[in-house]
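Below is one structure, written out as structure tokens, with a few remarks after it.
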Amino acid sequence: MSNSVAATEIGTVPVALGDRGYDIVIGEGLLADPGRWLGDLLLRPRLALVSDETVFGLYGDGVMDALAKAGIRADRHIIPAGEGAKSFSELERLCSALLDFDIERRDLVLALGGGVVGDLTGFACAILRRGVDVVQIPTTLLSQVDSSVGGKTGINVPQGKNLIGAFHQPRRVLIDLTSLDSLTMRERRAGYAEVMKYGLIDQPDFFSWLEDHGADVLLGDRPSQAFAVAQSCRSKARIVAADEREQGQRALLNLGHTFGHALEAHAGYDGRLLHGEAVAIGCVMAFELSARLALCPPDDADRLRRHLQKTGLPIRCEDIAGDLFKGLGADRMIALMQQDKKVENGMIGFILARGIGRAFISRDVPMPVLRDYLKSILPDLA
Ligand SMILES: NC(=O)c1ccc[n+]([C@@H]2O[C@H](COP(=O)([O-])OP(=O)(O)OC[C@H]3O[C@@H](n4cnc5c(N)ncnc54)[C@H](O)[C@@H]3O)[C@@H](O)[C@H]2O)c1
Ligand SMILES: O=C(O)C(=O)C[C@@H](O)[C@H](O)[C@H](O)COP(=O)(O)O
Ligand SMILES: [Zn+2]
């Protein structure tokens with residue numbers, strides 16, 4: 001890492017991917033001086049900044065002023081806030097804007113915002129001129145612990161989540177923990193679902209720590225946030241470095257997502273169901289299905305449900321307000337899951353668990369067991 005350690009830098013997590021490797025810099029107040037953390041990556045003193053309306057309203061002027069003071073010209077493109085922006089139309093607008101800004105391959109594009117800004121901008125950068133450099137500057141808990149790291153980028157289509165996309169690693173990830181302070185509690189909780197996921201996959205001690213300190217993370221205790229973010233980034237960096245393109249163990253990061261993405265596709269990406277909420281419900285489904293298959297002790301599924309309920313996250317579709325799951329029966333759920341990227345030869349790939357911290361990939365869930373389980377929990381048994 002070529003940046004000098006300063007009072008505001010809490011730590012750096014390397015993502016060991018050879019010539020595509022990069023650092024995740026975690027600190028406080030990094031947004032006040034982005035030029036300092038990016039200078040060594042710039043070939044010339046100009047870049048493009050992509051953000052959403054909410055994040056730009058909160059942090060945009062400060063970041064633009066700081067870049068100007070550092071002598072860096074920044075063109076900006078602002079997208080609407082929310083999941084709906086991960087669309088073909090916003091992708092087209094963003095690519096056109098970056099071309100109009102004369103962004104070259106080795107110029108930097110900064111993605112300042114949550115996972116939506118990061119996924120859309122990362123994808124635009126993957127395809128623009130067949131690859132432009134991107135720096136992720138995640139501002140939600142979810143994007144700091146998950147989406148900014150690992151290079152998965154993409155957009156949604158009615159058929160499913162992230163079905164159009166590419167792998168495109170960032171050149172650096174800049175995490176400013178102070179940006180968590182302006183997040184709503186609902187968004188903090190949604191991000192927390194992905195934090196907890198790392199404990200469920202292969203870090204049982206981290207899950208126990210979250211049972212004791214999860215509330216501190218959500219309520220803004222900075223040391224607890226710093227530990228949770230760093231621990232999550234270390235987990236993600238380790239898994240991504242071992243399997244960049246999801247040929248094997250990276251699929252573990254999809255725990256809760258086979259179910260969760262189907263719920264999101266049915267709900268329609270309009271903000272009534274957040275990705276992290278879908279993942280929370282999906283993790284419960286993965287543990288309950290594992291218990292039904294006698295793979296996982298029922299007590300572990302119970303422990304997961306209790307922790308999510310204590311945290312204020314949903315564990316069932318009925319916990320989400322409104323009628324967005326109307327018409328979602330077992331058959332529709334299975335049809336949506338058939339679109340998942342882990343499907344091979346028509347068989348849905350599930351991330352199941354032998355217990356908390358013991359997730360594994362399975363392709364042999366018997367269809368009748370799956371259907372019976374889904375019938376038992378979905379509100380509309382159509
Ligand atoms: N690429 C990956 O590996 C990966 C991993 C996990 C999730 N994802 C994707 O990430 C997306 C979800 O990301 P998200 O939860 O960050 O959602 P998001 O980007 O929609 O952000 C959530 C909301 O918070 C607002 N916001 C962002 N930062 C803020 C701040 N500091 N203060 C106040 N408001 C702020 C946004 O404007 C938005 O309204 C989903 O599309 C999901 O599929 C991708
Ligand atoms: O980085 C990964 O790999 C993940 O699976 C992280 C997930 O949290 C994320 O939501 C991802 O986008 C889902 O993967 P996808 O390939 O199903 O889109
Ligand atoms: Zn996710």
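In the structure tokens, chains take letters A, B, ... by order of appearance, with residues numbered from 1 within each chain and ligands from 1 in the order shown.
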Checklist entry - Could you name the residues that touch Tyr59 in chain A at 12 Å or less, counting only C-alpha atoms, but leaving out those on the same chain fewer than 3 positions away, as an MDAnalysis selection string? => result chainID A and resid 29:34 49:56 62:66 112:113 137:139 176 178:180 182
For the residues in the current selection, export N, CA and C atoms as an mmCIF file, in the first residue's frame.
```
data_model
loop_
_atom_site.group_PDB
_atom_site.id
_atom_site.type_symbol
_atom_site.label_atom_id
_atom_site.label_comp_id
_atom_site.auth_asym_id
_atom_site.auth_seq_id
_atom_site.Cartn_x
_atom_site.Cartn_y
_atom_site.Cartn_z
ATOM 1 N N GLY A 29 -13.198 9.662 8.004
ATOM 2 C CA GLY A 29 -12.916 10.959 7.396
ATOM 3 C C GLY A 29 -12.204 10.886 6.057
ATOM 4 N N LEU A 30 -12.150 9.717 5.434
ATOM 5 C CA LEU A 30 -11.439 9.607 4.151
ATOM 6 C C LEU A 30 -12.106 10.459 3.070
ATOM 7 N N LEU A 31 -13.432 10.643 3.193
ATOM 8 C CA LEU A 31 -14.150 11.406 2.169
ATOM 9 C C LEU A 31 -13.734 12.873 2.150
ATOM 10 N N ALA A 32 -13.146 13.331 3.250
ATOM 11 C CA ALA A 32 -12.758 14.746 3.314
ATOM 12 C C ALA A 32 -11.536 15.026 2.452
ATOM 13 N N ASP A 33 -10.807 13.982 2.076
ATOM 14 C CA ASP A 33 -9.592 14.218 1.296
ATOM 15 C C ASP A 33 -9.344 13.052 0.331
ATOM 16 N N PRO A 34 -10.290 12.818 -0.593
ATOM 17 C CA PRO A 34 -10.143 11.626 -1.456
ATOM 18 C C PRO A 34 -8.883 11.670 -2.316
ATOM 19 N N LEU A 49 -16.946 11.074 -11.316
ATOM 20 C CA LEU A 49 -17.566 10.606 -10.078
ATOM 21 C C LEU A 49 -19.023 10.239 -10.363
ATOM 22 N N VAL A 50 -19.413 9.042 -9.938
ATOM 23 C CA VAL A 50 -20.804 8.598 -10.087
ATOM 24 C C VAL A 50 -21.380 8.417 -8.690
ATOM 25 N N SER A 51 -22.585 8.951 -8.490
ATOM 26 C CA SER A 51 -23.217 8.817 -7.183
ATOM 27 C C SER A 51 -24.728 8.798 -7.390
ATOM 28 N N ASP A 52 -25.471 8.596 -6.290
ATOM 29 C CA ASP A 52 -26.928 8.725 -6.434
ATOM 30 C C ASP A 52 -27.391 10.026 -5.779
ATOM 31 N N GLU A 53 -28.670 10.358 -6.030
ATOM 32 C CA GLU A 53 -29.167 11.671 -5.585
ATOM 33 C C GLU A 53 -29.007 11.868 -4.079
ATOM 34 N N THR A 54 -29.296 10.818 -3.316
ATOM 35 C CA THR A 54 -29.232 10.954 -1.849
ATOM 36 C C THR A 54 -27.787 11.122 -1.383
ATOM 37 N N VAL A 55 -26.927 10.242 -1.860
ATOM 38 C CA VAL A 55 -25.537 10.275 -1.390
ATOM 39 C C VAL A 55 -24.848 11.549 -1.872
ATOM 40 N N PHE A 56 -25.128 11.932 -3.121
ATOM 41 C CA PHE A 56 -24.485 13.160 -3.606
ATOM 42 C C PHE A 56 -24.977 14.362 -2.789
ATOM 43 N N GLY A 62 -18.788 18.128 -0.649
ATOM 44 C CA GLY A 62 -17.526 17.990 0.097
ATOM 45 C C GLY A 62 -16.479 17.270 -0.735
ATOM 46 N N VAL A 63 -16.892 16.178 -1.379
ATOM 47 C CA VAL A 63 -15.941 15.390 -2.171
ATOM 48 C C VAL A 63 -15.478 16.200 -3.385
ATOM 49 N N MET A 64 -16.425 16.885 -4.064
ATOM 50 C CA MET A 64 -16.058 17.671 -5.259
ATOM 51 C C MET A 64 -15.108 18.813 -4.864
ATOM 52 N N ASP A 65 -15.401 19.484 -3.744
ATOM 53 C CA ASP A 65 -14.525 20.581 -3.277
ATOM 54 C C ASP A 65 -13.125 20.060 -2.971
ATOM 55 N N ALA A 66 -13.086 18.911 -2.268
ATOM 56 C CA ALA A 66 -11.779 18.365 -1.890
ATOM 57 C C ALA A 66 -10.978 17.969 -3.134
ATOM 58 N N LEU A 112 -19.342 6.427 -5.767
ATOM 59 C CA LEU A 112 -19.591 6.924 -4.409
ATOM 60 C C LEU A 112 -21.046 6.637 -4.038
ATOM 61 N N GLY A 113 -21.261 5.617 -3.211
ATOM 62 C CA GLY A 113 -22.632 5.298 -2.823
ATOM 63 C C GLY A 113 -22.746 3.870 -2.329
ATOM 64 N N ILE A 137 -16.153 3.547 -3.542
ATOM 65 C CA ILE A 137 -16.192 4.313 -2.282
ATOM 66 C C ILE A 137 -17.573 4.059 -1.653
ATOM 67 N N PRO A 138 -17.694 2.930 -0.959
ATOM 68 C CA PRO A 138 -19.001 2.487 -0.464
ATOM 69 C C PRO A 138 -19.467 3.301 0.747
ATOM 70 N N THR A 139 -20.743 3.665 0.751
ATOM 71 C CA THR A 139 -21.256 4.520 1.840
ATOM 72 C C THR A 139 -22.351 3.858 2.672
ATOM 73 N N ASP A 176 -15.078 4.848 4.302
ATOM 74 C CA ASP A 176 -15.119 5.878 5.339
ATOM 75 C C ASP A 176 -16.260 5.543 6.292
ATOM 76 N N THR A 178 -17.425 6.977 8.764
ATOM 77 C CA THR A 178 -18.310 8.066 9.218
ATOM 78 C C THR A 178 -19.562 8.170 8.346
ATOM 79 N N SER A 179 -19.495 7.652 7.107
ATOM 80 C CA SER A 179 -20.683 7.734 6.251
ATOM 81 C C SER A 179 -21.821 6.859 6.782
ATOM 82 N N LEU A 180 -21.505 5.914 7.672
ATOM 83 C CA LEU A 180 -22.567 5.071 8.237
ATOM 84 C C LEU A 180 -23.515 5.887 9.121
ATOM 85 N N SER A 182 -25.117 8.576 8.661
ATOM 86 C CA SER A 182 -26.315 9.174 8.046
ATOM 87 C C SER A 182 -27.297 8.129 7.510
#
```
Item to check | Residues of range 130-364 of chain A in strand (DSSP E or B), written as a PyMOL selection string | outcome: chain A and resi 133-138+152-157+160-167+172-176+344+347+350-353+359-362
Keeping only N, CA and C atoms, take the residues you just selected and write them out as a CSV table (one decimal), in the first residue's frame.
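Writing done, so here's result15.csv:
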```
chain,number,residue,atom,x,y,z
A,133,ASP,N,-10.8,1.9,-15.4
A,133,ASP,CA,-10.5,1.7,-13.9
A,133,ASP,C,-11.6,2.3,-13.1
A,134,VAL,N,-12.0,1.5,-12.0
A,134,VAL,CA,-13.0,2.0,-11.1
A,134,VAL,C,-12.5,1.9,-9.7
A,135,VAL,N,-12.8,2.9,-8.9
A,135,VAL,CA,-12.6,2.9,-7.4
A,135,VAL,C,-13.9,2.9,-6.7
A,136,GLN,N,-14.1,1.9,-5.8
A,136,GLN,CA,-15.3,1.8,-5.1
A,136,GLN,C,-15.2,2.6,-3.8
A,137,ILE,N,-16.2,3.5,-3.5
A,137,ILE,CA,-16.2,4.3,-2.3
A,137,ILE,C,-17.6,4.1,-1.7
A,138,PRO,N,-17.7,2.9,-1.0
A,138,PRO,CA,-19.0,2.5,-0.5
A,138,PRO,C,-19.5,3.3,0.7
A,152,LYS,N,-17.9,-8.3,-8.5
A,152,LYS,CA,-19.1,-8.6,-9.1
A,152,LYS,C,-19.9,-7.3,-9.4
A,153,THR,N,-20.3,-7.2,-10.7
A,153,THR,CA,-21.0,-6.0,-11.1
A,153,THR,C,-22.2,-6.4,-11.9
A,154,GLY,N,-23.2,-5.5,-12.0
A,154,GLY,CA,-24.3,-5.9,-12.9
A,154,GLY,C,-25.6,-5.1,-12.7
A,155,ILE,N,-26.6,-5.5,-13.4
A,155,ILE,CA,-27.9,-4.9,-13.3
A,155,ILE,C,-29.0,-6.0,-13.2
A,156,ASN,N,-30.2,-5.6,-12.9
A,156,ASN,CA,-31.3,-6.5,-12.7
A,156,ASN,C,-32.1,-6.5,-14.0
A,157,VAL,N,-32.9,-7.6,-14.2
A,157,VAL,CA,-33.9,-7.6,-15.3
A,157,VAL,C,-35.1,-8.3,-14.7
A,160,GLY,N,-34.7,-11.7,-13.2
A,160,GLY,CA,-33.9,-12.0,-12.0
A,160,GLY,C,-32.8,-11.0,-11.7
A,161,LYS,N,-32.3,-11.1,-10.5
A,161,LYS,CA,-31.2,-10.2,-10.0
A,161,LYS,C,-29.9,-10.4,-10.7
A,162,ASN,N,-29.2,-9.3,-11.0
A,162,ASN,CA,-27.8,-9.4,-11.5
A,162,ASN,C,-27.6,-10.3,-12.6
A,163,LEU,N,-28.7,-10.5,-13.5
A,163,LEU,CA,-28.5,-11.6,-14.5
A,163,LEU,C,-27.7,-11.1,-15.7
A,164,ILE,N,-27.5,-9.7,-15.8
A,164,ILE,CA,-26.6,-9.2,-16.8
A,164,ILE,C,-25.4,-8.5,-16.0
A,165,GLY,N,-24.2,-9.0,-16.2
A,165,GLY,CA,-23.2,-8.4,-15.5
A,165,GLY,C,-21.8,-8.9,-15.9
A,166,ALA,N,-20.8,-8.6,-15.1
A,166,ALA,CA,-19.4,-9.0,-15.5
A,166,ALA,C,-18.6,-8.9,-14.2
A,167,PHE,N,-17.5,-9.6,-14.2
A,167,PHE,CA,-16.5,-9.5,-13.1
A,167,PHE,C,-15.6,-8.3,-13.5
A,172,ARG,N,-9.1,0.1,-6.1
A,172,ARG,CA,-9.0,0.3,-4.7
A,172,ARG,C,-10.4,0.4,-4.1
A,173,VAL,N,-10.6,0.2,-2.8
A,173,VAL,CA,-11.8,0.4,-2.1
A,173,VAL,C,-11.5,1.3,-0.9
A,174,LEU,N,-12.3,2.4,-0.9
A,174,LEU,CA,-12.1,3.4,0.2
A,174,LEU,C,-13.3,3.4,1.1
A,175,ILE,N,-13.1,2.9,2.3
A,175,ILE,CA,-14.3,2.8,3.3
A,175,ILE,C,-14.2,3.9,4.3
A,176,ASP,N,-15.1,4.8,4.3
A,176,ASP,CA,-15.1,5.9,5.3
A,176,ASP,C,-16.3,5.5,6.3
A,344,GLU,N,-27.1,-25.6,-12.7
A,344,GLU,CA,-26.3,-26.4,-13.7
A,344,GLU,C,-27.2,-27.6,-14.1
A,347,MET,N,-30.4,-28.1,-12.5
A,347,MET,CA,-30.4,-28.4,-11.0
A,347,MET,C,-30.1,-27.1,-10.3
A,350,PHE,N,-27.9,-24.9,-4.1
A,350,PHE,CA,-28.2,-24.2,-2.8
A,350,PHE,C,-27.0,-24.2,-1.9
A,351,ILE,N,-26.9,-23.1,-1.1
A,351,ILE,CA,-25.9,-23.1,-0.1
A,351,ILE,C,-26.7,-23.5,1.2
A,352,LEU,N,-26.3,-24.7,1.7
A,352,LEU,CA,-27.0,-25.2,2.9
A,352,LEU,C,-26.0,-25.2,4.0
A,353,ALA,N,-26.4,-25.6,5.2
A,353,ALA,CA,-25.5,-25.6,6.4
A,353,ALA,C,-25.6,-26.8,7.2
A,359,ALA,N,-21.3,-23.8,6.4
A,359,ALA,CA,-22.1,-23.7,5.1
A,359,ALA,C,-21.4,-24.6,4.1
A,360,PHE,N,-22.2,-25.1,3.1
A,360,PHE,CA,-21.6,-25.9,2.0
A,360,PHE,C,-22.5,-25.8,0.8
A,361,ILE,N,-22.0,-26.2,-0.3
A,361,ILE,CA,-22.8,-26.1,-1.6
A,361,ILE,C,-23.4,-27.4,-1.9
A,362,SER,N,-24.7,-27.4,-2.2
A,362,SER,CA,-25.4,-28.7,-2.5
A,362,SER,C,-26.2,-28.6,-3.8
```
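Scanning range 17-65 of chain A with DSSP on the backbone, the helix (DSSP H, G or I) assignments fall on Gly18, Asp19, Arg20, Leu30, Leu31, Ala32, Pro34, Gly35, Arg36, Trp37, Leu38, Gly39, Asp40, Leu41, Glu53, Thr54, Val55, Phe56, Gly57, Leu58, Tyr59, Gly60, Asp61, Gly62, Val63, Met64 and Asp65 of chain A.
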Serialized selection, N, CA and C atoms, as a PDB file, in the first residue's frame:
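Saved the output as part04.pdb:
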```
ATOM      1  N   GLY A  18      -3.157 -11.089  -7.458  1.00  0.00           N
ATOM      2  CA  GLY A  18      -2.059 -10.896  -8.413  1.00  0.00           C
ATOM      3  C   GLY A  18      -2.111  -9.518  -9.035  1.00  0.00           C
ATOM      4  N   ASP A  19      -2.046  -9.458 -10.374  1.00  0.00           N
ATOM      5  CA  ASP A  19      -2.015  -8.134 -11.000  1.00  0.00           C
ATOM      6  C   ASP A  19      -3.378  -7.450 -10.984  1.00  0.00           C
ATOM      7  N   ARG A  20      -4.398  -8.127 -10.522  1.00  0.00           N
ATOM      8  CA  ARG A  20      -5.694  -7.465 -10.306  1.00  0.00           C
ATOM      9  C   ARG A  20      -5.935  -7.214  -8.814  1.00  0.00           C
ATOM     10  N   LEU A  30     -12.150   9.717   5.434  1.00  0.00           N
ATOM     11  CA  LEU A  30     -11.439   9.607   4.151  1.00  0.00           C
ATOM     12  C   LEU A  30     -12.106  10.459   3.070  1.00  0.00           C
ATOM     13  N   LEU A  31     -13.432  10.643   3.193  1.00  0.00           N
ATOM     14  CA  LEU A  31     -14.150  11.406   2.169  1.00  0.00           C
ATOM     15  C   LEU A  31     -13.734  12.873   2.150  1.00  0.00           C
ATOM     16  N   ALA A  32     -13.146  13.331   3.250  1.00  0.00           N
ATOM     17  CA  ALA A  32     -12.758  14.746   3.314  1.00  0.00           C
ATOM     18  C   ALA A  32     -11.536  15.026   2.452  1.00  0.00           C
ATOM     19  N   PRO A  34     -10.290  12.818  -0.593  1.00  0.00           N
ATOM     20  CA  PRO A  34     -10.143  11.626  -1.456  1.00  0.00           C
ATOM     21  C   PRO A  34      -8.883  11.670  -2.316  1.00  0.00           C
ATOM     22  N   GLY A  35      -8.445  12.878  -2.698  1.00  0.00           N
ATOM     23  CA  GLY A  35      -7.257  12.994  -3.542  1.00  0.00           C
ATOM     24  C   GLY A  35      -6.057  12.325  -2.899  1.00  0.00           C
ATOM     25  N   ARG A  36      -5.998  12.420  -1.579  1.00  0.00           N
ATOM     26  CA  ARG A  36      -4.875  11.843  -0.853  1.00  0.00           C
ATOM     27  C   ARG A  36      -4.819  10.322  -0.966  1.00  0.00           C
ATOM     28  N   TRP A  37      -5.976   9.701  -1.040  1.00  0.00           N
ATOM     29  CA  TRP A  37      -6.038   8.243  -1.060  1.00  0.00           C
ATOM     30  C   TRP A  37      -6.035   7.687  -2.481  1.00  0.00           C
ATOM     31  N   LEU A  38      -6.083   8.595  -3.460  1.00  0.00           N
ATOM     32  CA  LEU A  38      -6.190   8.147  -4.852  1.00  0.00           C
ATOM     33  C   LEU A  38      -5.034   8.599  -5.717  1.00  0.00           C
ATOM     34  N   GLY A  39      -4.294   9.587  -5.212  1.00  0.00           N
ATOM     35  CA  GLY A  39      -3.291  10.275  -6.038  1.00  0.00           C
ATOM     36  C   GLY A  39      -2.391   9.336  -6.812  1.00  0.00           C
ATOM     37  N   ASP A  40      -1.930   8.258  -6.169  1.00  0.00           N
ATOM     38  CA  ASP A  40      -0.977   7.360  -6.828  1.00  0.00           C
ATOM     39  C   ASP A  40      -1.614   6.560  -7.963  1.00  0.00           C
ATOM     40  N   LEU A  41      -2.971   6.554  -8.023  1.00  0.00           N
ATOM     41  CA  LEU A  41      -3.646   5.793  -9.093  1.00  0.00           C
ATOM     42  C   LEU A  41      -3.925   6.652 -10.323  1.00  0.00           C
ATOM     43  N   GLU A  53     -28.670  10.358  -6.030  1.00  0.00           N
ATOM     44  CA  GLU A  53     -29.167  11.671  -5.585  1.00  0.00           C
ATOM     45  C   GLU A  53     -29.007  11.868  -4.079  1.00  0.00           C
ATOM     46  N   THR A  54     -29.296  10.818  -3.316  1.00  0.00           N
ATOM     47  CA  THR A  54     -29.232  10.954  -1.849  1.00  0.00           C
ATOM     48  C   THR A  54     -27.787  11.122  -1.383  1.00  0.00           C
ATOM     49  N   VAL A  55     -26.927  10.242  -1.860  1.00  0.00           N
ATOM     50  CA  VAL A  55     -25.537  10.275  -1.390  1.00  0.00           C
ATOM     51  C   VAL A  55     -24.848  11.549  -1.872  1.00  0.00           C
ATOM     52  N   PHE A  56     -25.128  11.932  -3.121  1.00  0.00           N
ATOM     53  CA  PHE A  56     -24.485  13.160  -3.606  1.00  0.00           C
ATOM     54  C   PHE A  56     -24.977  14.362  -2.789  1.00  0.00           C
ATOM     55  N   GLY A  57     -26.268  14.338  -2.431  1.00  0.00           N
ATOM     56  CA  GLY A  57     -26.795  15.426  -1.601  1.00  0.00           C
ATOM     57  C   GLY A  57     -26.085  15.527  -0.263  1.00  0.00           C
ATOM     58  N   LEU A  58     -25.702  14.377   0.284  1.00  0.00           N
ATOM     59  CA  LEU A  58     -25.055  14.364   1.603  1.00  0.00           C
ATOM     60  C   LEU A  58     -23.553  14.652   1.523  1.00  0.00           C
ATOM     61  N   TYR A  59     -22.890  14.044   0.551  1.00  0.00           N
ATOM     62  CA  TYR A  59     -21.415  14.067   0.539  1.00  0.00           C
ATOM     63  C   TYR A  59     -20.810  14.659  -0.722  1.00  0.00           C
ATOM     64  N   GLY A  60     -21.633  14.912  -1.748  1.00  0.00           N
ATOM     65  CA  GLY A  60     -21.099  15.288  -3.050  1.00  0.00           C
ATOM     66  C   GLY A  60     -20.303  16.588  -3.031  1.00  0.00           C
ATOM     67  N   ASP A  61     -20.870  17.623  -2.436  1.00  0.00           N
ATOM     68  CA  ASP A  61     -20.171  18.918  -2.469  1.00  0.00           C
ATOM     69  C   ASP A  61     -18.813  18.814  -1.784  1.00  0.00           C
ATOM     70  N   GLY A  62     -18.788  18.128  -0.649  1.00  0.00           N
ATOM     71  CA  GLY A  62     -17.526  17.990   0.097  1.00  0.00           C
ATOM     72  C   GLY A  62     -16.479  17.270  -0.735  1.00  0.00           C
ATOM     73  N   VAL A  63     -16.892  16.178  -1.379  1.00  0.00           N
ATOM     74  CA  VAL A  63     -15.941  15.390  -2.171  1.00  0.00           C
ATOM     75  C   VAL A  63     -15.478  16.200  -3.385  1.00  0.00           C
ATOM     76  N   MET A  64     -16.425  16.885  -4.064  1.00  0.00           N
ATOM     77  CA  MET A  64     -16.058  17.671  -5.259  1.00  0.00           C
ATOM     78  C   MET A  64     -15.108  18.813  -4.864  1.00  0.00           C
ATOM     79  N   ASP A  65     -15.401  19.484  -3.744  1.00  0.00           N
ATOM     80  CA  ASP A  65     -14.525  20.581  -3.277  1.00  0.00           C
ATOM     81  C   ASP A  65     -13.125  20.060  -2.971  1.00  0.00           C
TER      82      ASP A  65
END
```
Next on the checklist: From the options A:Gln159, A:Leu313, A:Ile281, A:Leu252, which residue's atoms come nearest to Asp340 in chain A, counting only C-alpha atoms?
Outcome noted: A:Gln159
Once you count only C-alpha atoms and all ligand atoms, what closest atom pair and distance in Å to one decimal does each residue of chain A within 10 Å of ligand 3 have, with rows by chain and rising residue number, as a Markdown table?
```
| residue | atom | partner | partner_atom_place_in_ligand_line | distance |
| --- | --- | --- | --- | --- |
| A:Gly115 | CA | ligand 3 | 1 (Zn) | 9.2 |
| A:Leu142 | CA | ligand 3 | 1 (Zn) | 8.1 |
| A:Ser143 | CA | ligand 3 | 1 (Zn) | 9.3 |
| A:Asp146 | CA | ligand 3 | 1 (Zn) | 7.2 |
| A:Ser147 | CA | ligand 3 | 1 (Zn) | 7.2 |
| A:Ala190 | CA | ligand 3 | 1 (Zn) | 9.8 |
| A:Gly191 | CA | ligand 3 | 1 (Zn) | 9.0 |
| A:Ala193 | CA | ligand 3 | 1 (Zn) | 8.7 |
| A:Glu194 | CA | ligand 3 | 1 (Zn) | 6.4 |
| A:Val195 | CA | ligand 3 | 1 (Zn) | 10.0 |
| A:Lys197 | CA | ligand 3 | 1 (Zn) | 9.1 |
| A:Leu253 | CA | ligand 3 | 1 (Zn) | 7.6 |
| A:Asn254 | CA | ligand 3 | 1 (Zn) | 6.8 |
| A:Leu255 | CA | ligand 3 | 1 (Zn) | 8.4 |
| A:Gly256 | CA | ligand 3 | 1 (Zn) | 8.3 |
| A:His257 | CA | ligand 3 | 1 (Zn) | 6.5 |
| A:Gly260 | CA | ligand 3 | 1 (Zn) | 8.6 |
| A:His261 | CA | ligand 3 | 1 (Zn) | 8.7 |
| A:His275 | CA | ligand 3 | 1 (Zn) | 6.6 |
| A:Gly276 | CA | ligand 3 | 1 (Zn) | 6.6 |
| A:Glu277 | CA | ligand 3 | 1 (Zn) | 9.8 |
| A:Ala278 | CA | ligand 3 | 1 (Zn) | 8.8 |
| A:Val279 | CA | ligand 3 | 1 (Zn) | 6.6 |
| A:Ala280 | CA | ligand 3 | 1 (Zn) | 9.8 |
```
Item to check | Residue with smallest distance to ligand 2 - pool A:Leu141, A:Val149, A:Leu295, A:Ile320, counting only C-alpha atoms and all ligand atoms | outcome: A:Val149
Checklist entry - Of the candidates A:Leu274, A:Leu308, A:Met367, A:Met337, which one gets nearest to ligand 1 if we count only C-alpha atoms and all ligand atoms? => result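 Between A:Leu274, A:Leu308, A:Met367, A:Met337, the residue approaching ligand 1 most closely is A:Leu274.
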Item to check | Distance in Å - CA of Asp216 in chain A versus atom 10 (O, counted along the ligand's line) of ligand 1 | outcome: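 Result for CA of Asp216 in chain A versus atom 10 (O, counted along the ligand's line) of ligand 1: 23.0 Å, one decimal.
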Next on the checklist: List the spatial neighbours of Thr121 in chain A as JSON, numbers by chain - criterion: any atom at most 9 Å away, only C-alpha atoms, same-chain residues fewer than 2 positions off excluded.
Outcome noted: {"A": [50, 51, 91, 94, 95, 109, 110, 111, 116, 117, 118, 119, 123, 124, 125, 126, 134, 136, 153, 154]}
Generate a file of the selected residues that holds N, CA and C atoms, formatted as a CSV table (one decimal), in the first residue's frame.
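Listing of part32.csv after writing:
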```
chain,number,residue,atom,x,y,z
A,50,VAL,N,-19.4,9.0,-9.9
A,50,VAL,CA,-20.8,8.6,-10.1
A,50,VAL,C,-21.4,8.4,-8.7
A,51,SER,N,-22.6,9.0,-8.5
A,51,SER,CA,-23.2,8.8,-7.2
A,51,SER,C,-24.7,8.8,-7.4
A,91,LEU,N,-27.9,2.2,-17.2
A,91,LEU,CA,-26.6,1.8,-17.7
A,91,LEU,C,-26.2,2.6,-19.0
A,94,LEU,N,-25.4,6.2,-18.1
A,94,LEU,CA,-24.1,6.3,-17.5
A,94,LEU,C,-23.0,6.1,-18.5
A,95,CYS,N,-23.1,5.1,-19.4
A,95,CYS,CA,-22.0,4.9,-20.4
A,95,CYS,C,-21.9,6.1,-21.3
A,109,VAL,N,-12.9,6.1,-12.5
A,109,VAL,CA,-14.3,6.4,-12.2
A,109,VAL,C,-14.5,6.1,-10.8
A,110,LEU,N,-15.0,7.0,-10.0
A,110,LEU,CA,-15.3,6.8,-8.6
A,110,LEU,C,-16.8,6.4,-8.4
A,111,ALA,N,-17.0,5.3,-7.7
A,111,ALA,CA,-18.4,4.9,-7.4
A,111,ALA,C,-18.7,5.3,-6.0
A,116,VAL,N,-25.9,-0.2,-5.1
A,116,VAL,CA,-26.6,0.1,-6.4
A,116,VAL,C,-25.6,0.9,-7.3
A,117,VAL,N,-25.1,2.0,-6.7
A,117,VAL,CA,-24.1,2.8,-7.4
A,117,VAL,C,-22.9,1.9,-7.8
A,118,GLY,N,-22.4,1.1,-6.8
A,118,GLY,CA,-21.2,0.3,-7.1
A,118,GLY,C,-21.4,-0.7,-8.2
A,119,ASP,N,-22.6,-1.4,-8.1
A,119,ASP,CA,-22.8,-2.5,-9.1
A,119,ASP,C,-23.0,-1.9,-10.5
A,123,PHE,N,-20.2,-2.1,-13.5
A,123,PHE,CA,-20.6,-2.8,-14.8
A,123,PHE,C,-20.3,-1.9,-16.0
A,124,ALA,N,-20.7,-0.6,-15.8
A,124,ALA,CA,-20.4,0.4,-16.9
A,124,ALA,C,-18.9,0.4,-17.2
A,125,CYS,N,-18.1,0.4,-16.1
A,125,CYS,CA,-16.6,0.4,-16.3
A,125,CYS,C,-16.1,-0.9,-16.9
A,126,ALA,N,-16.8,-2.0,-16.6
A,126,ALA,CA,-16.3,-3.3,-17.2
A,126,ALA,C,-16.5,-3.3,-18.7
A,134,VAL,N,-12.0,1.5,-12.0
A,134,VAL,CA,-13.0,2.0,-11.1
A,134,VAL,C,-12.5,1.9,-9.7
A,136,GLN,N,-14.1,1.9,-5.8
A,136,GLN,CA,-15.3,1.8,-5.1
A,136,GLN,C,-15.2,2.6,-3.8
A,153,THR,N,-20.3,-7.2,-10.7
A,153,THR,CA,-21.0,-6.0,-11.1
A,153,THR,C,-22.2,-6.4,-11.9
A,154,GLY,N,-23.2,-5.5,-12.0
A,154,GLY,CA,-24.3,-5.9,-12.9
A,154,GLY,C,-25.6,-5.1,-12.7
```
